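Student: So here's data.pdb, just PDB, C-alpha atoms:
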```
ATOM      1  CA  MET G 192       6.394   7.312 -13.080
ATOM      2  CA  VAL G 193       4.668   7.276  -9.676
ATOM      3  CA  ASP G 194       5.154   4.301  -7.417
ATOM      4  CA  LYS G 195       3.583   3.164  -4.160
ATOM      5  CA  THR G 196       6.105   4.981  -1.968
ATOM      6  CA  ASP G 197       5.439   8.284  -3.746
ATOM      7  CA  VAL G 198       1.728   7.918  -3.094
ATOM      8  CA  GLU G 199       2.322   6.987   0.549
ATOM      9  CA  GLU G 200       4.651   9.960   1.047
ATOM     10  CA  ALA G 201       2.080  12.285  -0.517
ATOM     11  CA  GLY G 202      -0.488  10.794   1.857
ATOM     12  CA  ARG G 203       1.761  11.548   4.849
ATOM     13  CA  VAL G 204       2.143  15.154   3.680
ATOM     14  CA  ALA G 205      -1.643  15.413   3.311
ATOM     15  CA  LEU G 206      -2.163  13.953   6.802
ATOM     16  CA  LEU G 207       0.311  16.453   8.221
ATOM     17  CA  ALA G 208      -1.701  19.213   6.587
ATOM     18  CA  LEU G 209      -4.908  17.836   8.139
ATOM     19  CA  GLU G 210      -3.321  17.586  11.574
ATOM     20  CA  THR G 211      -1.926  21.098  11.552
ATOM     21  CA  GLU G 212      -4.943  22.454   9.660
ATOM     22  CA  GLU G 213      -2.576  24.261   7.333
ATOM     23  CA  THR G 214      -2.021  23.860   3.634
ATOM     24  CA  VAL G 215       1.405  22.358   3.067
ATOM     25  CA  GLU G 216       2.524  22.456  -0.525
ATOM     26  CA  PRO G 217       6.068  21.269  -1.086
ATOM     27  CA  THR G 218       8.020  22.765  -3.932
ATOM     28  CA  ALA G 219       8.880  20.601  -6.911
ATOM     29  CA  SER G 220      12.440  20.071  -5.664
ATOM     30  CA  ASP G 221      11.140  19.191  -2.175
ATOM     31  CA  ALA G 222       8.728  16.686  -3.680
ATOM     32  CA  GLU G 223      11.541  15.103  -5.712
ATOM     33  CA  LYS G 224      13.743  14.856  -2.617
ATOM     34  CA  ILE G 225      10.894  13.321  -0.611
ATOM     35  CA  ALA G 226      10.146  10.805  -3.364
ATOM     36  CA  GLU G 227      13.818   9.854  -3.789
ATOM     37  CA  ARG G 228      14.281   9.439  -0.045
ATOM     38  CA  ALA G 229      11.123   7.318   0.158
ATOM     39  CA  ARG G 230      12.357   5.080  -2.691
ATOM     40  CA  LYS G 231      15.742   4.593  -1.026
ATOM     41  CA  LYS G 232      14.157   3.885   2.334
ATOM     42  CA  ALA G 233      11.724   1.379   0.816
ATOM     43  CA  ARG G 234      14.595  -0.435  -0.900
ATOM     44  CA  LEU G 235      16.637  -0.580   2.325
ATOM     45  CA  VAL G 236      13.681  -1.907   4.305
ATOM     46  CA  GLN G 237      12.965  -4.438   1.579
ATOM     47  CA  VAL G 238      16.493  -5.804   1.557
ATOM     48  CA  MET G 239      16.912  -5.705   5.344
ATOM     49  CA  ASP G 240      13.586  -7.395   6.113
ATOM     50  CA  LYS G 241      13.186  -9.849   3.281
ATOM     51  CA  GLY G 242      16.676 -10.542   2.028
ATOM     52  CA  PHE G 243      17.339 -12.853  -0.891
ATOM     53  CA  LEU G 244      13.810 -14.090  -1.569
ATOM     54  CA  GLN G 245      12.356 -10.599  -1.743
ATOM     55  CA  THR G 246      15.143  -9.458  -4.031
ATOM     56  CA  ARG G 247      14.488 -12.416  -6.309
ATOM     57  CA  LEU G 248      10.742 -11.736  -6.343
ATOM     58  CA  ALA G 249      11.339  -8.041  -7.045
ATOM     59  CA  GLU G 250      13.367  -9.025 -10.113
ATOM     60  CA  ALA G 251      10.424 -11.064 -11.379
ATOM     61  CA  ASN G 252       8.158  -8.045 -10.885
ATOM     62  CA  LYS G 253      10.085  -6.228 -13.629
ATOM     63  CA  ILE G 254       7.876  -7.632 -16.360
ATOM     64  CA  ALA G 255       8.261  -5.140 -19.213
ATOM     65  CA  ASP G 256       7.989  -1.429 -19.784
ATOM     66  CA  GLY G 257       4.483  -0.255 -19.025
ATOM     67  CA  TRP G 258       3.630  -3.290 -16.865
ATOM     68  CA  VAL G 259       3.796  -4.044 -13.134
ATOM     69  CA  GLY G 260       4.222  -7.524 -11.685
ATOM     70  CA  LEU G 261       2.049  -8.520  -8.738
ATOM     71  CA  TRP G 262       2.299 -11.598  -6.541
ATOM     72  CA  VAL G 263      -1.237 -12.793  -5.821
ATOM     73  CA  ARG G 264      -2.504 -15.640  -3.648
ATOM     74  CA  ASP G 265      -3.358 -18.592  -5.859
ATOM     75  CA  THR G 266      -7.041 -18.785  -4.929
ATOM     76  CA  ASN G 267      -9.981 -18.497  -7.279
ATOM     77  CA  GLU G 268     -11.254 -15.420  -5.420
ATOM     78  CA  ASP G 269      -7.969 -13.501  -5.453
ATOM     79  CA  VAL G 270      -7.176 -14.329  -9.073
ATOM     80  CA  ALA G 271     -10.730 -13.358 -10.137
ATOM     81  CA  ARG G 272     -10.506 -10.081  -8.169
ATOM     82  CA  MET G 273      -7.197  -9.169  -9.796
ATOM     83  CA  ASP G 274      -8.558 -10.219 -13.189
ATOM     84  CA  ALA G 275     -11.500  -7.862 -12.670
ATOM     85  CA  LEU G 276      -9.007  -5.078 -11.869
ATOM     86  CA  GLY G 277      -7.233  -5.658 -15.185
ATOM     87  CA  ALA G 278      -4.433  -8.062 -14.210
ATOM     88  CA  GLU G 279      -3.481 -11.154 -16.193
ATOM     89  CA  LEU G 280      -1.424 -14.256 -15.455
ATOM     90  CA  VAL G 281       2.248 -14.201 -16.421
ATOM     91  CA  THR G 282       3.395 -17.237 -18.367
ATOM     92  CA  ASP G 283       6.534 -15.744 -19.973
ATOM     93  CA  ASP G 284       9.409 -18.250 -19.977
ATOM     94  CA  LYS G 285      11.962 -15.468 -19.507
ATOM     95  CA  ILE G 286      10.644 -14.805 -16.011
ATOM     96  CA  GLY G 287      11.376 -17.425 -13.406
ATOM     97  CA  GLY G 288       9.418 -18.343 -10.325
ATOM     98  CA  LEU G 289      10.854 -20.457  -7.567
ATOM     99  CA  HIS G 290       8.403 -23.315  -8.117
ATOM    100  CA  GLY G 291       6.718 -24.619 -11.229
ATOM    101  CA  ALA G 292       2.925 -24.608 -11.321
ATOM    102  CA  GLY G 293       2.798 -27.184 -14.117
ATOM    103  CA  ASP G 294       0.733 -24.936 -16.367
ATOM    104  CA  GLY G 295       3.242 -22.200 -17.194
ATOM    105  CA  ARG G 296       2.286 -19.919 -14.320
ATOM    106  CA  LYS G 297       5.086 -18.455 -12.222
ATOM    107  CA  ARG G 298       4.690 -19.629  -8.646
ATOM    108  CA  VAL G 299       6.325 -19.035  -5.264
ATOM    109  CA  GLY G 300       4.693 -20.947  -2.418
ATOM    110  CA  ASP G 301       0.984 -20.137  -2.594
ATOM    111  CA  LEU G 302       1.538 -17.033  -4.750
ATOM    112  CA  ILE G 303       1.366 -16.674  -8.512
ATOM    113  CA  LEU G 304       2.710 -13.874 -10.645
ATOM    114  CA  MET G 305       0.232 -11.623 -12.437
ATOM    115  CA  ARG G 306       0.812  -8.402 -14.320
ATOM    116  CA  MET G 307      -1.183  -5.274 -14.975
ATOM    117  CA  PRO G 308      -0.638  -2.119 -17.002
ATOM    118  CA  GLN G 309       1.377   0.510 -15.106
ATOM    119  CA  ASP G 310      -1.357   3.143 -15.558
ATOM    120  CA  ASP G 311      -4.018   0.862 -14.056
ATOM    121  CA  TYR G 312      -1.724  -0.017 -11.146
ATOM    122  CA  GLU G 313      -1.039   3.651 -10.394
ATOM    123  CA  LEU G 314      -4.737   4.454 -10.536
ATOM    124  CA  ILE G 315      -5.522   1.617  -8.096
ATOM    125  CA  GLN G 316      -2.791   2.854  -5.735
ATOM    126  CA  GLU G 317      -4.232   6.370  -5.920
ATOM    127  CA  VAL G 318      -7.726   5.102  -5.069
ATOM    128  CA  ARG G 319      -6.378   3.027  -2.163
ATOM    129  CA  SER G 320      -4.494   6.048  -0.848
ATOM    130  CA  GLU G 321      -7.613   8.219  -1.038
ATOM    131  CA  GLN G 322      -9.612   5.534   0.772
ATOM    132  CA  ARG G 323      -6.991   5.330   3.553
ATOM    133  CA  LEU G 324      -6.966   9.097   3.955
ATOM    134  CA  ALA G 325     -10.777   9.176   4.103
ATOM    135  CA  ARG G 326     -10.815   6.446   6.801
ATOM    136  CA  LEU G 327      -8.211   8.326   8.826
ATOM    137  CA  ALA G 328     -10.127  11.589   8.490
ATOM    138  CA  ARG G 329     -13.375   9.875   9.592
ATOM    139  CA  GLY G 330     -11.627   8.340  12.581
ATOM    140  CA  ARG G 331     -10.098  11.664  13.536
ATOM    141  CA  LYS G 332     -13.456  13.414  13.201
ATOM    142  CA  GLU G 333     -15.199  10.762  15.342
ATOM    143  CA  TYR G 334     -12.469  11.039  17.975
ATOM    144  CA  VAL G 335     -12.754  14.839  18.114
ATOM    145  CA  ASN G 336     -16.561  14.622  18.226
ATOM    146  CA  GLN G 337     -16.363  12.384  21.303
ATOM    147  CA  PHE G 338     -14.811  15.250  23.193
ATOM    148  CA  LYS G 339     -17.290  17.774  21.830
ATOM    149  CA  ASP G 340     -20.159  15.533  22.975
ATOM    150  CA  GLY G 341     -18.573  15.037  26.386
ATOM    151  CA  LYS G 342     -18.113  11.308  25.809
ATOM    152  CA  GLY G 343     -14.337  11.405  25.432
ATOM    153  CA  GLY G 344     -11.820  11.601  28.163
ATOM    154  CA  GLY G 345      -9.305   8.886  27.640
ATOM    155  CA  LEU G 346      -8.343   6.497  30.417
ATOM    156  CA  SER G 347      -9.890   8.431  33.297
ATOM    157  CA  SER G 348     -13.403   8.255  31.798
ATOM    158  CA  THR G 349     -12.940   4.520  31.181
ATOM    159  CA  VAL G 350     -11.906   4.043  34.802
ATOM    160  CA  ASP G 351     -14.861   6.155  35.993
ATOM    161  CA  GLU G 352     -17.250   4.022  33.903
ATOM    162  CA  SER G 353     -15.834   0.774  35.282
ATOM    163  CA  ILE G 354     -16.170   2.068  38.871
ATOM    164  CA  ARG G 355     -19.799   3.083  38.298
ATOM    165  CA  HIS G 356     -20.683  -0.374  36.948
ATOM    166  CA  SER G 357     -18.978  -2.358  39.692
TER     167      SER G 357
END
```
Represent the structure from my file as structure tokens, please.

Tutor:
Amino acid sequence: MVDKTDVEEAGRVALLALETEETVEPTASDAEKIAERARKKARLVQVMDKGFLQTRLAEANKIADGWVGLWVRDTNEDVARMDALGAELVTDDKIGGLHGAGDGRKRVGDLILMRMPQDDYELIQEVRSEQRLARLARGRKEYVNQFKDGKGGGLSSTVDESIRHS
């Protein structure tokens, strides 16, 4: 099972490879260690930053095998977007929210609990990761091209420009 932290860690390894312009391929045991460390770190950050409420919400996210719970803003647009991605509202009585929505939905503040198949969730996370990496690569390429075109130069060129225009 691949979770968000595994994808993010793989993205960091891929970025490192882009930055050093080398191919970095961790061994299977290295990848397992990286993934385990990322999971532990994510859990520590979660507990340290969010405390009780986050822990309680994380328990509600454990819907059933093969499903992932997602807290979504209770707006027509956000619910429709998640519905289009394959999510559905959770109305299971075994799962508790902090507030009742009056219609069986699980609610916390302005969030409602939805669920989606694990495979769909992992695929969405993979696409998001690829999109982030593509944006970072474009930004890096544009930054490098500024210097190739003679337009880059950091702070000194900005200062020179401001002096010329004053």

Student: Got a sec to resolve the PyMOL selection byres ((chain G and resi 256-271) around 10) on this structure and send the residues as JSON, numbers by chain?

Tutor: {"G": [192, 248, 249, 250, 251, 252, 253, 254, 255, 272, 273, 274, 275, 276, 277, 278, 279, 280, 281, 297, 298, 299, 300, 301, 302, 303, 304, 305, 306, 307, 308, 309, 310, 311, 312, 313]}

Student: To one decimal place in Å, what is the distance between CA of Arg296 (chain G) and CA of Asp283 (chain G)?

Tutor: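 We find that CA of Arg296 (chain G) and CA of Asp283 (chain G) lie 8.2 Å from each other.
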
Student: Could you check how far CA of Glu199 (chain G) sits from CA of Ala222 (chain G), in Å to one decimal?

Tutor: 12.4 Å
